[in-house]
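> My file is work.txt. It has compact mmCIF, C-alpha atoms:
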# COMPACT_ATOMS: atom_id res chain seq x y z
CA MET A 857 -64.33 12.89 -122.73
CA LYS A 858 -66.11 9.94 -121.21
CA GLU A 859 -66.42 9.60 -117.46
CA PRO A 860 -64.56 6.46 -116.31
CA LYS A 861 -66.93 3.72 -115.31
CA GLN A 862 -67.15 3.35 -111.55
CA LEU A 863 -66.14 -0.24 -110.70
CA SER A 864 -66.45 -0.05 -106.96
CA VAL A 865 -66.87 -3.20 -104.92
CA SER A 866 -70.54 -2.99 -104.21
CA ALA A 867 -72.20 -3.48 -100.88
CA ILE A 868 -73.52 -6.97 -100.14
CA GLU A 869 -77.04 -7.71 -99.08
CA SER A 870 -76.11 -10.33 -96.54
CA GLY A 871 -72.85 -11.98 -95.55
CA THR A 872 -69.47 -11.17 -94.03
CA VAL A 873 -66.99 -8.40 -94.70
CA ILE A 874 -63.45 -8.97 -93.47
CA ASP A 875 -61.56 -5.69 -93.28
CA HIS A 876 -58.06 -4.66 -92.20
CA ILE A 877 -56.29 -7.66 -93.65
CA PRO A 878 -52.62 -6.87 -94.37
CA ALA A 879 -52.37 -6.77 -98.19
CA LYS A 880 -49.52 -9.27 -98.22
CA THR A 881 -51.46 -11.95 -96.40
CA LEU A 882 -54.72 -11.66 -98.36
CA PHE A 883 -54.19 -14.88 -100.26
CA LYS A 884 -53.22 -16.74 -97.11
CA VAL A 885 -56.49 -15.62 -95.53
CA ILE A 886 -58.36 -16.84 -98.60
CA SER A 887 -56.61 -20.17 -98.39
CA ILE A 888 -57.01 -20.62 -94.60
CA LEU A 889 -60.75 -19.92 -94.83
CA GLY A 890 -61.07 -22.16 -97.88
CA LEU A 891 -62.65 -19.32 -99.90
CA ASP A 892 -61.12 -20.77 -103.04
CA HIS A 893 -63.40 -23.77 -102.67
CA ILE A 894 -66.80 -22.28 -101.89
CA ASP A 895 -69.66 -21.28 -104.16
CA SER A 896 -70.55 -17.93 -102.55
CA GLN A 897 -70.04 -14.70 -104.44
CA ILE A 898 -66.79 -13.19 -103.23
CA THR A 899 -65.27 -9.85 -104.04
CA PHE A 900 -62.02 -8.59 -102.74
CA GLY A 901 -59.83 -5.55 -103.01
CA THR A 902 -56.19 -5.32 -102.17
CA ASN A 903 -53.42 -2.74 -101.88
CA LEU A 904 -55.98 -0.27 -100.59
CA GLU A 905 -54.63 2.57 -98.54
CA SER A 906 -54.75 2.16 -94.80
CA LYS A 907 -53.36 4.48 -92.15
CA LYS A 908 -52.87 1.57 -89.78
CA LEU A 909 -51.53 -1.15 -92.06
CA GLY A 910 -50.00 0.78 -94.96
CA ARG A 911 -51.72 -1.36 -97.53
CA LYS A 912 -54.71 -3.40 -96.63
CA ALA A 913 -57.08 -5.82 -98.23
CA ILE A 914 -60.79 -6.39 -97.80
CA ILE A 915 -62.95 -9.41 -98.60
CA LYS A 916 -66.72 -9.47 -98.97
CA ILE A 917 -68.44 -12.83 -98.98
CA SER A 918 -72.14 -13.03 -99.81
CA GLY A 919 -74.36 -15.33 -97.85
CA LYS A 920 -71.57 -16.68 -95.68
CA PHE A 921 -71.28 -16.46 -91.90
CA PHE A 922 -68.34 -17.93 -90.00
CA GLU A 923 -68.14 -19.68 -86.70
CA ASP A 924 -65.74 -17.94 -84.27
CA ASN A 925 -63.52 -21.02 -84.27
CA ASP A 926 -63.17 -20.87 -88.03
CA ILE A 927 -62.57 -17.18 -88.32
CA ASN A 928 -60.04 -17.13 -85.48
CA ARG A 929 -57.79 -19.32 -87.61
CA ILE A 930 -56.80 -16.21 -89.56
CA ALA A 931 -55.55 -14.47 -86.41
CA LEU A 932 -51.96 -15.55 -87.05
CA VAL A 933 -51.84 -13.88 -90.48
CA ALA A 934 -54.32 -11.04 -89.96
CA PRO A 935 -54.27 -10.21 -86.25
CA GLU A 936 -56.00 -6.84 -86.75
CA ALA A 937 -58.78 -8.13 -88.99
CA LYS A 938 -62.27 -6.81 -88.27
CA LEU A 939 -65.46 -8.51 -89.29
CA ASN A 940 -68.72 -6.87 -90.20
CA ILE A 941 -71.71 -9.15 -90.29
CA ILE A 942 -74.20 -7.82 -92.83
CA LYS A 943 -77.93 -8.45 -93.01
CA ASP A 944 -80.25 -6.43 -95.26
CA TYR A 945 -77.35 -4.14 -96.23
CA GLU A 946 -76.91 -3.18 -92.57
CA VAL A 947 -74.00 -4.02 -90.30
CA VAL A 948 -75.70 -6.05 -87.57
CA GLU A 949 -72.56 -7.13 -85.72
CA LYS A 950 -68.85 -6.27 -85.56
CA LYS A 951 -66.21 -8.73 -84.44
CA VAL A 952 -62.45 -8.82 -84.01
CA VAL A 953 -60.39 -11.95 -84.42
CA GLU A 954 -58.75 -13.61 -81.46
CA VAL A 955 -55.79 -15.96 -81.41
CA PRO A 956 -57.29 -19.41 -80.71
CA ASP A 957 -56.04 -21.91 -78.09
CA ALA A 958 -54.83 -24.34 -80.72
CA ILE A 959 -53.49 -23.95 -84.25
CA VAL A 960 -53.89 -26.82 -86.68
CA GLY A 961 -52.25 -26.99 -90.07
CA ILE A 962 -51.45 -23.29 -90.52
CA ALA A 963 -48.04 -22.72 -89.01
CA LYS A 964 -44.70 -24.42 -89.56
CA CYS A 965 -42.68 -25.73 -86.62
CA MET A 966 -39.37 -23.87 -86.47
CA ASN A 967 -37.47 -26.89 -85.14
CA PRO A 968 -35.61 -28.33 -88.14
CA LYS A 969 -35.43 -31.70 -86.35
CA CYS A 970 -39.21 -31.94 -85.87
CA ILE A 971 -41.04 -34.83 -87.53
CA THR A 972 -43.46 -32.33 -89.15
CA ASN A 973 -40.52 -31.08 -91.23
CA TYR A 974 -39.67 -34.60 -92.38
CA GLU A 975 -42.96 -36.31 -93.15
CA LYS A 976 -46.37 -35.20 -94.33
CA VAL A 977 -47.79 -34.51 -90.90
CA THR A 978 -50.41 -31.84 -90.27
CA THR A 979 -48.82 -29.44 -87.79
CA ARG A 980 -50.56 -28.93 -84.47
CA PHE A 981 -49.70 -26.37 -81.82
CA LYS A 982 -50.92 -25.35 -78.43
CA VAL A 983 -50.94 -21.57 -78.09
CA VAL A 984 -48.91 -20.91 -74.93
CA SER A 985 -48.88 -17.13 -75.30
CA LYS A 986 -51.39 -15.03 -77.21
CA LYS A 987 -49.93 -11.55 -76.85
CA ASN A 988 -46.50 -12.30 -78.25
CA VAL A 989 -47.67 -15.39 -80.06
CA ALA A 990 -45.81 -18.51 -78.89
CA LEU A 991 -46.81 -21.94 -80.16
CA LYS A 992 -45.83 -25.23 -78.57
CA CYS A 993 -45.52 -28.04 -81.09
CA HIS A 994 -47.75 -31.02 -80.31
CA TYR A 995 -45.05 -33.33 -81.71
CA CYS A 996 -41.55 -32.12 -80.78
CA GLU A 997 -42.78 -29.92 -77.87
CA LYS A 998 -40.53 -27.04 -78.94
CA ILE A 999 -41.73 -23.44 -78.96
CA THR A 1000 -42.14 -21.44 -82.16
CA ASN A 1001 -42.38 -17.72 -81.38
CA GLN A 1002 -43.78 -14.81 -83.35
CA GLU A 1003 -40.41 -13.83 -84.84
CA ASN A 1004 -39.89 -17.27 -86.30
CA LEU A 1005 -43.47 -17.93 -87.26
CA GLN A 1006 -43.92 -19.15 -90.80
CA ILE A 1007 -47.28 -19.80 -92.36
CA ILE A 1008 -47.53 -22.91 -94.49
CA MET B 321 -53.53 -47.35 -68.71
CA LYS B 322 -54.48 -50.20 -71.02
CA ASN B 323 -53.87 -49.45 -74.72
CA ARG B 324 -52.35 -46.06 -73.98
CA SER B 325 -49.00 -44.98 -75.31
CA LEU B 326 -46.14 -43.55 -73.27
CA VAL B 327 -44.58 -40.75 -75.30
CA SER B 328 -43.87 -38.17 -72.61
CA ILE B 329 -43.90 -38.52 -68.85
CA ASP B 330 -46.60 -35.81 -68.82
CA ASP B 331 -48.98 -38.26 -70.49
CA PHE B 332 -49.43 -39.94 -67.10
CA THR B 333 -50.87 -38.40 -63.96
CA SER B 334 -48.96 -38.55 -60.68
CA ASP B 335 -51.21 -41.41 -59.54
CA GLU B 336 -50.53 -43.35 -62.71
CA VAL B 337 -46.79 -42.81 -62.33
CA LEU B 338 -46.95 -44.07 -58.74
CA LYS B 339 -48.94 -47.12 -59.83
CA ILE B 340 -46.21 -48.00 -62.32
CA LEU B 341 -43.54 -47.53 -59.65
CA ASP B 342 -45.48 -49.84 -57.30
CA LEU B 343 -45.72 -52.44 -60.02
CA ALA B 344 -41.98 -52.08 -60.73
CA ALA B 345 -41.36 -52.85 -57.05
CA GLU B 346 -43.32 -56.10 -57.50
CA PHE B 347 -41.13 -57.02 -60.46
CA GLU B 348 -38.04 -56.28 -58.44
CA LYS B 349 -39.16 -58.92 -55.91
CA ASN B 350 -40.21 -61.30 -58.61
CA PRO B 351 -38.57 -60.47 -61.94
CA VAL B 352 -39.27 -63.65 -63.85
CA SER B 353 -42.74 -64.71 -64.97
CA ARG B 354 -44.75 -65.65 -68.06
CA LEU B 355 -46.91 -62.52 -68.11
CA LEU B 356 -45.98 -61.65 -71.70
CA GLU B 357 -46.32 -65.22 -72.98
CA GLY B 358 -47.81 -65.14 -76.47
CA LYS B 359 -47.14 -61.42 -76.88
CA VAL B 360 -44.93 -60.02 -79.60
CA ILE B 361 -43.15 -56.76 -78.84
CA ALA B 362 -41.56 -54.78 -81.66
CA THR B 363 -38.34 -52.96 -80.78
CA LEU B 364 -37.63 -50.43 -83.51
CA PHE B 365 -34.29 -48.73 -82.98
CA PHE B 366 -33.82 -46.26 -85.83
CA GLU B 367 -30.60 -45.18 -84.15
CA PRO B 368 -28.37 -47.35 -82.03
CA SER B 369 -28.82 -47.28 -78.27
CA THR B 370 -27.35 -50.39 -76.80
CA ARG B 371 -28.21 -49.67 -73.18
CA THR B 372 -31.85 -48.83 -73.68
CA ARG B 373 -32.43 -51.63 -76.16
CA LEU B 374 -30.82 -54.30 -73.97
CA SER B 375 -32.80 -53.08 -70.98
CA PHE B 376 -36.08 -53.38 -72.87
CA GLU B 377 -35.14 -56.75 -74.35
CA SER B 378 -34.14 -58.03 -70.94
CA ALA B 379 -37.48 -56.85 -69.51
CA ILE B 380 -39.42 -58.56 -72.31
CA ASN B 381 -37.43 -61.78 -72.10
CA ARG B 382 -37.87 -62.07 -68.34
CA LEU B 383 -41.62 -61.91 -68.86
CA GLY B 384 -41.63 -64.56 -71.57
CA GLY B 385 -42.49 -62.22 -74.46
CA LYS B 386 -41.11 -62.47 -77.97
CA ILE B 387 -39.24 -59.70 -79.76
CA VAL B 388 -39.24 -58.60 -83.39
CA GLY B 389 -37.37 -55.57 -84.57
CA PHE B 390 -34.09 -54.05 -85.57
CA SER B 391 -31.25 -52.16 -83.95
CA ASP B 392 -29.96 -50.31 -86.96
CA ALA B 393 -32.18 -48.51 -89.45
CA GLY B 394 -29.56 -48.99 -92.17
CA ALA B 395 -30.65 -52.60 -92.51
CA THR B 396 -34.36 -51.84 -92.97
CA SER B 397 -36.71 -50.70 -95.70
CA LEU B 398 -36.13 -47.17 -94.40
CA ALA B 399 -32.89 -47.28 -96.27
CA LYS B 400 -35.11 -47.79 -99.34
CA GLY B 401 -37.01 -44.61 -98.51
CA GLU B 402 -40.05 -45.94 -96.68
CA SER B 403 -41.80 -43.33 -94.53
CA LEU B 404 -42.10 -43.67 -90.77
CA HIS B 405 -45.86 -43.67 -91.31
CA ASP B 406 -45.75 -46.80 -93.45
CA THR B 407 -43.23 -48.58 -91.23
CA ILE B 408 -45.41 -48.05 -88.17
CA LYS B 409 -48.58 -49.12 -90.00
CA MET B 410 -46.90 -52.35 -91.00
CA VAL B 411 -45.31 -53.07 -87.64
CA SER B 412 -48.59 -52.47 -85.78
CA SER B 413 -50.06 -55.43 -87.57
CA TYR B 414 -47.13 -57.65 -86.58
CA SER B 415 -46.96 -56.83 -82.90
CA ASP B 416 -48.88 -56.14 -79.68
CA LEU B 417 -46.78 -53.15 -78.64
CA ILE B 418 -44.08 -51.02 -80.23
CA VAL B 419 -40.94 -49.75 -78.48
CA MET B 420 -39.36 -47.08 -80.66
CA ARG B 421 -36.16 -45.05 -80.62
CA HIS B 422 -35.84 -42.46 -83.37
CA PRO B 423 -33.53 -39.46 -83.92
CA ILE B 424 -36.32 -37.14 -85.14
CA GLU B 425 -38.12 -35.13 -82.46
CA GLY B 426 -41.86 -35.72 -82.24
CA SER B 427 -41.56 -39.01 -84.14
CA ALA B 428 -42.87 -40.96 -81.13
CA ARG B 429 -46.01 -38.83 -80.76
CA TYR B 430 -46.62 -39.20 -84.48
CA ALA B 431 -46.08 -42.98 -84.34
CA SER B 432 -48.52 -43.26 -81.42
CA GLU B 433 -51.18 -41.57 -83.55
CA ILE B 434 -50.66 -43.95 -86.46
CA ALA B 435 -50.16 -47.23 -84.62
CA SER B 436 -53.10 -49.43 -83.70
CA VAL B 437 -51.10 -50.75 -80.71
CA PRO B 438 -49.48 -48.88 -77.79
CA VAL B 439 -46.17 -47.13 -78.47
CA ILE B 440 -43.42 -46.65 -75.89
CA ASN B 441 -41.04 -43.83 -76.68
CA ALA B 442 -37.50 -45.04 -76.05
CA GLY B 443 -36.10 -41.62 -76.99
CA ASP B 444 -37.06 -39.23 -79.80
CA GLY B 445 -34.02 -37.07 -80.52
CA ALA B 446 -33.50 -34.37 -77.93
CA ASN B 447 -37.17 -34.45 -76.95
CA GLN B 448 -38.36 -37.12 -74.51
CA HIS B 449 -37.16 -40.39 -72.99
CA PRO B 450 -39.91 -41.19 -70.49
CA THR B 451 -38.78 -44.67 -69.47
CA GLN B 452 -35.48 -43.16 -68.33
CA THR B 453 -37.43 -40.65 -66.27
CA MET B 454 -39.59 -43.41 -64.84
CA LEU B 455 -36.56 -45.43 -63.73
CA ASP B 456 -34.99 -42.28 -62.26
CA LEU B 457 -38.18 -41.72 -60.25
CA TYR B 458 -38.15 -45.35 -59.17
CA SER B 459 -34.52 -45.08 -58.04
CA ILE B 460 -35.21 -41.87 -56.12
CA ARG B 461 -38.27 -43.27 -54.38
CA LYS B 462 -36.54 -46.52 -53.55
CA THR B 463 -33.48 -44.87 -52.02
CA GLN B 464 -35.32 -42.05 -50.22
CA GLY B 465 -38.52 -43.89 -49.32
CA THR B 466 -40.55 -41.03 -50.82
CA LEU B 467 -40.66 -38.59 -53.71
CA ASN B 468 -41.92 -35.73 -51.53
CA ASN B 469 -39.95 -32.66 -50.40
CA LEU B 470 -36.50 -33.78 -51.58
CA ASN B 471 -33.49 -31.64 -52.38
CA VAL B 472 -32.27 -32.67 -55.83
CA PHE B 473 -28.91 -31.54 -57.20
CA MET B 474 -28.51 -31.64 -60.96
CA VAL B 475 -24.91 -31.32 -62.11
CA GLY B 476 -23.20 -30.85 -65.47
CA ASP B 477 -24.87 -30.18 -68.79
CA LEU B 478 -28.25 -28.75 -67.85
CA LYS B 479 -28.77 -27.00 -71.16
CA TYR B 480 -28.89 -29.92 -73.57
CA GLY B 481 -29.51 -32.75 -71.12
CA ARG B 482 -32.83 -34.29 -72.07
CA THR B 483 -32.86 -36.56 -69.02
CA VAL B 484 -32.44 -33.70 -66.54
CA HIS B 485 -35.23 -31.69 -68.17
CA SER B 486 -37.69 -34.58 -68.05
CA LEU B 487 -36.71 -35.54 -64.51
CA MET B 488 -37.03 -31.94 -63.36
CA MET B 489 -40.50 -31.64 -64.88
CA ALA B 490 -41.55 -34.94 -63.33
CA MET B 491 -40.11 -34.22 -59.87
CA SER B 492 -41.78 -30.80 -59.84
CA ARG B 493 -45.00 -32.65 -58.99
CA TRP B 494 -43.62 -33.60 -55.55
CA ASN B 495 -42.52 -30.29 -54.04
CA THR B 496 -38.88 -30.72 -54.88
CA THR B 497 -36.17 -28.14 -54.16
CA PHE B 498 -33.69 -27.98 -57.03
CA ASN B 499 -30.03 -27.01 -57.08
CA PHE B 500 -28.68 -26.57 -60.58
CA ILE B 501 -24.90 -26.78 -60.85
CA SER B 502 -23.42 -26.10 -64.26
CA PRO B 503 -20.95 -23.96 -66.17
CA GLU B 504 -22.32 -20.65 -67.44
CA GLU B 505 -22.62 -21.97 -71.00
CA LEU B 506 -24.68 -24.99 -69.98
CA LYS B 507 -27.18 -23.49 -67.54
CA MET B 508 -30.75 -24.70 -67.21
CA PRO B 509 -32.77 -23.00 -69.98
CA GLU B 510 -34.99 -20.08 -69.04
CA GLU B 511 -38.24 -21.84 -70.00
CA PHE B 512 -37.71 -24.50 -67.32
CA LYS B 513 -36.93 -21.95 -64.64
CA ILE B 514 -40.10 -20.05 -65.51
CA TYR B 515 -41.97 -23.33 -65.24
CA LEU B 516 -40.67 -23.84 -61.68
CA GLU B 517 -41.39 -20.22 -60.74
CA ASN B 518 -44.99 -20.60 -61.89
CA LEU B 519 -45.30 -23.64 -59.64
CA GLY B 520 -43.80 -21.70 -56.72
CA LEU B 521 -40.93 -24.19 -56.37
CA LYS B 522 -37.50 -23.17 -55.09
CA TYR B 523 -34.42 -23.53 -57.25
CA TYR B 524 -30.86 -22.29 -56.88
CA GLU B 525 -28.13 -21.99 -59.48
CA HIS B 526 -24.44 -22.48 -58.76
CA LEU B 527 -21.21 -22.66 -60.72
CA ASP B 528 -19.62 -25.06 -58.24
CA PHE B 529 -21.03 -27.48 -55.69
CA THR B 530 -18.35 -28.32 -53.17
CA ASP B 531 -19.72 -25.96 -50.48
CA ILE B 532 -23.35 -27.00 -50.69
CA ILE B 533 -23.11 -30.72 -51.33
CA SER B 534 -24.08 -31.55 -47.71
CA ARG B 535 -27.68 -30.44 -48.41
CA ALA B 536 -28.32 -32.93 -51.21
CA ASP B 537 -30.68 -35.90 -51.02
CA ILE B 538 -30.00 -36.82 -54.62
CA ILE B 539 -27.07 -35.82 -56.82
CA TYR B 540 -27.91 -36.37 -60.46
CA MET B 541 -24.69 -36.24 -62.49
CA THR B 542 -24.50 -35.73 -66.27
CA ARG B 543 -21.72 -35.57 -68.76
CA VAL B 544 -20.18 -32.23 -69.76
CA GLN B 545 -19.23 -32.77 -73.38
CA ARG B 546 -16.43 -30.87 -75.03
CA GLU B 547 -18.41 -30.36 -78.25
CA ARG B 548 -21.07 -28.33 -76.40
CA PHE B 549 -18.64 -25.43 -75.92
CA SER B 550 -18.18 -22.77 -78.57
CA ASP B 551 -14.83 -21.87 -77.01
CA PRO B 552 -12.49 -24.81 -76.23
CA ILE B 553 -10.74 -22.72 -73.57
CA GLU B 554 -14.02 -22.49 -71.67
CA TYR B 555 -14.21 -26.28 -71.65
CA GLU B 556 -10.65 -26.60 -70.35
CA LYS B 557 -11.50 -24.18 -67.54
CA VAL B 558 -14.53 -26.04 -66.31
CA LYS B 559 -13.91 -29.68 -67.18
CA ASN B 560 -12.63 -30.57 -63.73
CA VAL B 561 -15.16 -28.53 -61.76
CA TYR B 562 -17.99 -30.94 -62.49
CA VAL B 563 -16.19 -34.13 -61.57
CA LEU B 564 -17.40 -35.90 -58.45
CA LYS B 565 -14.68 -37.48 -56.30
CA ASN B 566 -14.98 -39.69 -53.25
CA SER B 567 -13.27 -37.10 -51.02
CA MET B 568 -16.14 -34.68 -51.72
CA LEU B 569 -18.69 -37.03 -50.18
CA ALA B 570 -17.41 -36.95 -46.59
CA ASN B 571 -20.03 -34.54 -45.22
CA THR B 572 -22.98 -35.61 -47.31
CA LYS B 573 -26.26 -36.80 -45.78
CA PRO B 574 -26.44 -40.52 -44.95
CA ASN B 575 -29.48 -40.96 -47.21
CA MET B 576 -27.82 -39.16 -50.15
CA ARG B 577 -27.45 -41.18 -53.36
CA ILE B 578 -25.63 -40.43 -56.61
CA LEU B 579 -27.47 -41.09 -59.86
CA HIS B 580 -26.26 -40.91 -63.44
CA PRO B 581 -28.12 -41.89 -66.63
CA LEU B 582 -24.89 -43.50 -67.96
CA PRO B 583 -22.69 -43.83 -69.93
CA ARG B 584 -20.21 -42.19 -67.61
CA VAL B 585 -16.94 -40.86 -68.95
CA ASN B 586 -14.93 -39.08 -66.28
CA GLU B 587 -17.51 -36.96 -64.44
CA ILE B 588 -17.71 -39.46 -61.59
CA HIS B 589 -14.27 -40.61 -60.49
CA THR B 590 -14.02 -44.38 -60.26
CA ASP B 591 -13.06 -44.02 -56.58
CA VAL B 592 -16.73 -43.16 -55.95
CA ASP B 593 -17.93 -46.54 -57.27
CA SER B 594 -17.21 -48.40 -54.04
CA ASN B 595 -18.91 -45.76 -51.89
CA PRO B 596 -22.35 -47.04 -50.75
CA LYS B 597 -23.77 -43.69 -51.86
CA ALA B 598 -22.99 -44.53 -55.49
CA TYR B 599 -26.23 -45.79 -56.96
CA TYR B 600 -25.83 -45.50 -60.75
CA PHE B 601 -25.35 -49.17 -61.52
CA GLU B 602 -28.36 -50.23 -59.42
CA GLN B 603 -30.23 -47.41 -61.14
CA ALA B 604 -29.58 -49.09 -64.49
CA LEU B 605 -30.89 -52.39 -63.15
CA ASN B 606 -34.03 -50.62 -61.92
CA GLY B 607 -34.61 -49.76 -65.56
CA VAL B 608 -35.47 -53.38 -66.26
CA TYR B 609 -38.13 -53.57 -63.51
CA THR B 610 -39.58 -50.21 -64.50
CA ARG B 611 -39.82 -51.24 -68.14
CA GLN B 612 -41.47 -54.52 -67.14
CA ALA B 613 -44.06 -52.48 -65.25
CA ILE B 614 -44.64 -50.09 -68.15
CA LEU B 615 -45.03 -52.93 -70.68
CA CYS B 616 -47.55 -54.76 -68.51
CA SER B 617 -49.52 -51.60 -67.69
CA LEU B 618 -49.91 -50.54 -71.32
CA LEU B 619 -50.88 -54.05 -72.36
CA GLY B 620 -53.45 -54.16 -69.57
CA ILE B 621 -51.88 -57.29 -68.09
CA LYS B 622 -51.30 -55.86 -64.61
For this file, produce the structure as C-alpha cells.

Amino acid sequence: MKEPKQLSVSAIESGTVIDHIPAKTLFKVISILGLDHIDSQITFGTNLESKKLGRKAIIKISGKFFEDNDINRIALVAPEAKLNIIKDYEVVEKKVVEVPDAIVGIAKCMNPKCITNYEKVTTRFKVVSKKNVALKCHYCEKITNQENLQII
Amino acid sequence: MKNRSLVSIDDFTSDEVLKILDLAAEFEKNPVSRLLEGKVIATLFFEPSTRTRLSFESAINRLGGKIVGFSDAGATSLAKGESLHDTIKMVSSYSDLIVMRHPIEGSARYASEIASVPVINAGDGANQHPTQTMLDLYSIRKTQGTLNNLNVFMVGDLKYGRTVHSLMMAMSRWNTTFNFISPEELKMPEEFKIYLENLGLKYYEHLDFTDIISRADIIYMTRVQRERFSDPIEYEKVKNVYVLKNSMLANTKPNMRILHPLPRVNEIHTDVDSNPKAYYFEQALNGVYTRQAILCSLLGIK
C-alpha cells in the first residue's frame, strides 16, 4: 500500500503568517485584507483543530508585510489573531492585533434608520470602547455594540 | 466658520457657539438688512416641519436672500427614486447654502460630505437638530445673562426627546446642574448620564417636580406622548404629573424662565402664558435671529 502523499502547507521563506483566525471568519479576513486581489503566493488552511477557538484557520502570505493600521482592521472578526513575521524561514517578530480607533467600511450600523442602511455609503465608526467593542456611527451617532455587530 | 457645515452642535467649539450667539444678538437689534442679497439658499424639507421651515425662510427673507426648495418630498424627483446623493449634488450647484430636514438619521452628515456648499441640518430623524439647540442656548443666555453655573430642569419625555439630549450635551460645557423630571418609562438614557458623570457634573432624577421647582433657573418642558408608553394605564397615571400650571410657579426664582421647543399640547397650562416667566413664544422668535446668525457665519458674511 502506498504512503499517502504529504500535502502540508509548507513554511514560507519570507512574509506573514496569520494564525488563530476563527474558521468561520477566514473569508472575511481574506476580504478585509484584500488578499483576493494581490499577486503574492498565499496558502491557507481552515477547520484546523484549536484548543482555544475550536476550529481555526491560518493564512500564510509570501513576501507580504502589513502595516499595523491595515492588519488591525481584522480585529473585529479575528480578535485573537496572532501574526508571525517571517524572514529567512525564521520568525523575526510576533504581533497581536488590536482594535483600532476607527473602523471604516467593515461593520454595519445597527440603527435601521441610519442613512448607511439606505444609501450606498461607506460606514465609518469611532471606537468608543475596545474591550467590549462599541462603535459610534459617524453618521447617525448611534452606538453599535459587540452583540449586535455585523460585518459587511 | 466660513464654508463649514452645521450638522451637530458638537461641530462647533464653545467659542464658536458664543460668537454665533453674539451675532444673533446683533440681529435681534437690527433684524432687517441686505446681507444675503444675491445669495440663493436651498431649503430641502424631505419631511414637513412648518415651524422650522418658516423660521428659516423668515430669517433668509429678512436678510434679502432668495429661497429655492420644497416642503414636501412627495412632489420631488425623490418620488421617482432619486438618491439623496444625487439630489444634494444637483442642489449644490443651484445654491450657496443648503438647509435640510430629512427623516433618516445621519442624512445631514452624509449630505455635508457630498455638497460643495455648507449644509445646515434642520433635523435628521431622531438624531440632531442643532439650530434648535442654538436658539435654546440663545434664549437661556438672554434670560439669565450667562450660560455658566445654571440649574436646568428638564421635564417630560427625556428618553426620546432629541432636543433635550442636544441641549443637555451643549449645556454640559458651562458647568450646568441638571434636574431630570420624567416618568419611569421616559427617563434620561444611561449613556447621557454616564457622559455627565465623566464630566463630573451633578444631575438629579425625580418623578415629580412640585417640591423642587424653587431651585430652577430654567424649566425646559417637553411633551409626554401617549404613543411612547407600552402600557396605556401607565400613561393615564402620569399624564397630569408633568403638566405645568401657573399655581406651581408661586415660589420660583425671579430669574426663572420656562422654555418649550413647541408645539405645546397640554403640558403647559394656558394659564401660564400670561406669567412673565413664560418664555416659549419669545424663544421661538429667537430662532429667527439665531438662524440669521448661523447663515451669515457659514457663508462668511459676518
> May I ask for the distance between atom CA of Thr372 of chain B and atom CA of Ser334 of chain B, given in Å to one decimal place?
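Computing it gives 23.8 Å between the two atoms.
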> Counting all atoms listed in the file, give me one row per residue of chain A with an atom at most 6 Å from an atom of chain B, showing the shortest contact pair and its distance in Å to one decimal, sorted by chain then residue number, as CSV.

residue,atom,partner,partner_atom,distance
A:Lys969,CA,B:Ile424,CA,5.6
A:Cys970,CA,B:Glu425,CA,4.8
A:Ile971,CA,B:Ser427,CA,5.4
A:Tyr995,CA,B:Gly426,CA,4.0
A:Cys996,CA,B:Gly426,CA,3.9
> I want to know what sits within 9 Å of Leu889 of chain A, based on only C-alpha atoms, with residues of the same chain fewer than 2 positions away left out; could you give that as a list of chain:residue names?
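So the residues in contact are A:Lys884, A:Val885, A:Ile886, A:Ser887, A:Leu891, A:Asp892, A:Asp926, A:Ile927, A:Arg929, A:Ile930.
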> Atom CA of Val563 of chain B and atom CA of Asn575 of chain B, how far apart in Å?
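Calculated distance between atom CA of Asn575 of chain B and atom CA of Val563 of chain B is 20.7 Å.
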> So that I can see what lies close to Asn973 of chain A, please list as a PyMOL selection string the residues with an atom at most 10 Å from it, counting all atoms listed in the file and leaving out residues fewer than 6 positions away in the same chain.
(chain A and resi 964-967+979) or (chain B and resi 424-425)
> Go ahead and compute the interatomic distance for atom CA of Ser432 of chain B and atom CA of Leu516 of chain B, in Å to one decimal.
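That distance, rounded to one decimal, is 28.8 Å.
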> Which is closest to Ile877 of chain A among A:Val984, A:Ile894, A:Ile942, A:Ile914, if we use all atoms listed in the file?
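Among the listed residues, A:Ile914 lies closest to Ile877 of chain A.
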> Restricting the calculation to only C-alpha atoms, which member of A:Asn940, A:Thr872, A:Asn1001, A:Gln1006 is positioned closest to Ser896 of chain A?
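Among A:Asn940, A:Thr872, A:Asn1001, A:Gln1006, it is A:Thr872 that comes nearest to Ser896 of chain A.
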> Excluding same-chain residues fewer than 6 positions from Asn471 of chain B, what lies within 8 Å of it counting all atoms listed in the file, as a CSV table (one decimal) with C-alpha atoms, keeping the file's coordinate frame?

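Result file is around34.csv:
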chain,number,residue,atom,x,y,z
B,496,THR,CA,-38.9,-30.7,-54.9
B,497,THR,CA,-36.2,-28.1,-54.2
B,498,PHE,CA,-33.7,-28.0,-57.0
B,499,ASN,CA,-30.0,-27.0,-57.1
B,535,ARG,CA,-27.7,-30.4,-48.4
B,536,ALA,CA,-28.3,-32.9,-51.2
B,537,ASP,CA,-30.7,-35.9,-51.0
B,538,ILE,CA,-30.0,-36.8,-54.6
> May I have the residues within 9 Å of Thr899 of chain A as an NGL selection string, using all atoms listed in the file and disregarding those fewer than 5 positions away in the same chain?
:A and (865-866 or 914-918)
> Could you give me, as a PDB file with C-alpha atoms, in the coordinates of the input, the residues within 9 Å of Glu525 of chain B, counting all atoms listed in the file and dropping anything in the same chain fewer than 6 positions from it?

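Okay, selection_28.pdb is ready:
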ATOM      1  CA  PHE B 498     -33.690 -27.980 -57.030  1.00  0.00           C
ATOM      2  CA  ASN B 499     -30.030 -27.010 -57.080  1.00  0.00           C
ATOM      3  CA  PHE B 500     -28.680 -26.570 -60.580  1.00  0.00           C
ATOM      4  CA  ILE B 501     -24.900 -26.780 -60.850  1.00  0.00           C
ATOM      5  CA  SER B 502     -23.420 -26.100 -64.260  1.00  0.00           C
ATOM      6  CA  LYS B 507     -27.180 -23.490 -67.540  1.00  0.00           C
ATOM      7  CA  MET B 508     -30.750 -24.700 -67.210  1.00  0.00           C
TER       8      MET B 508
END
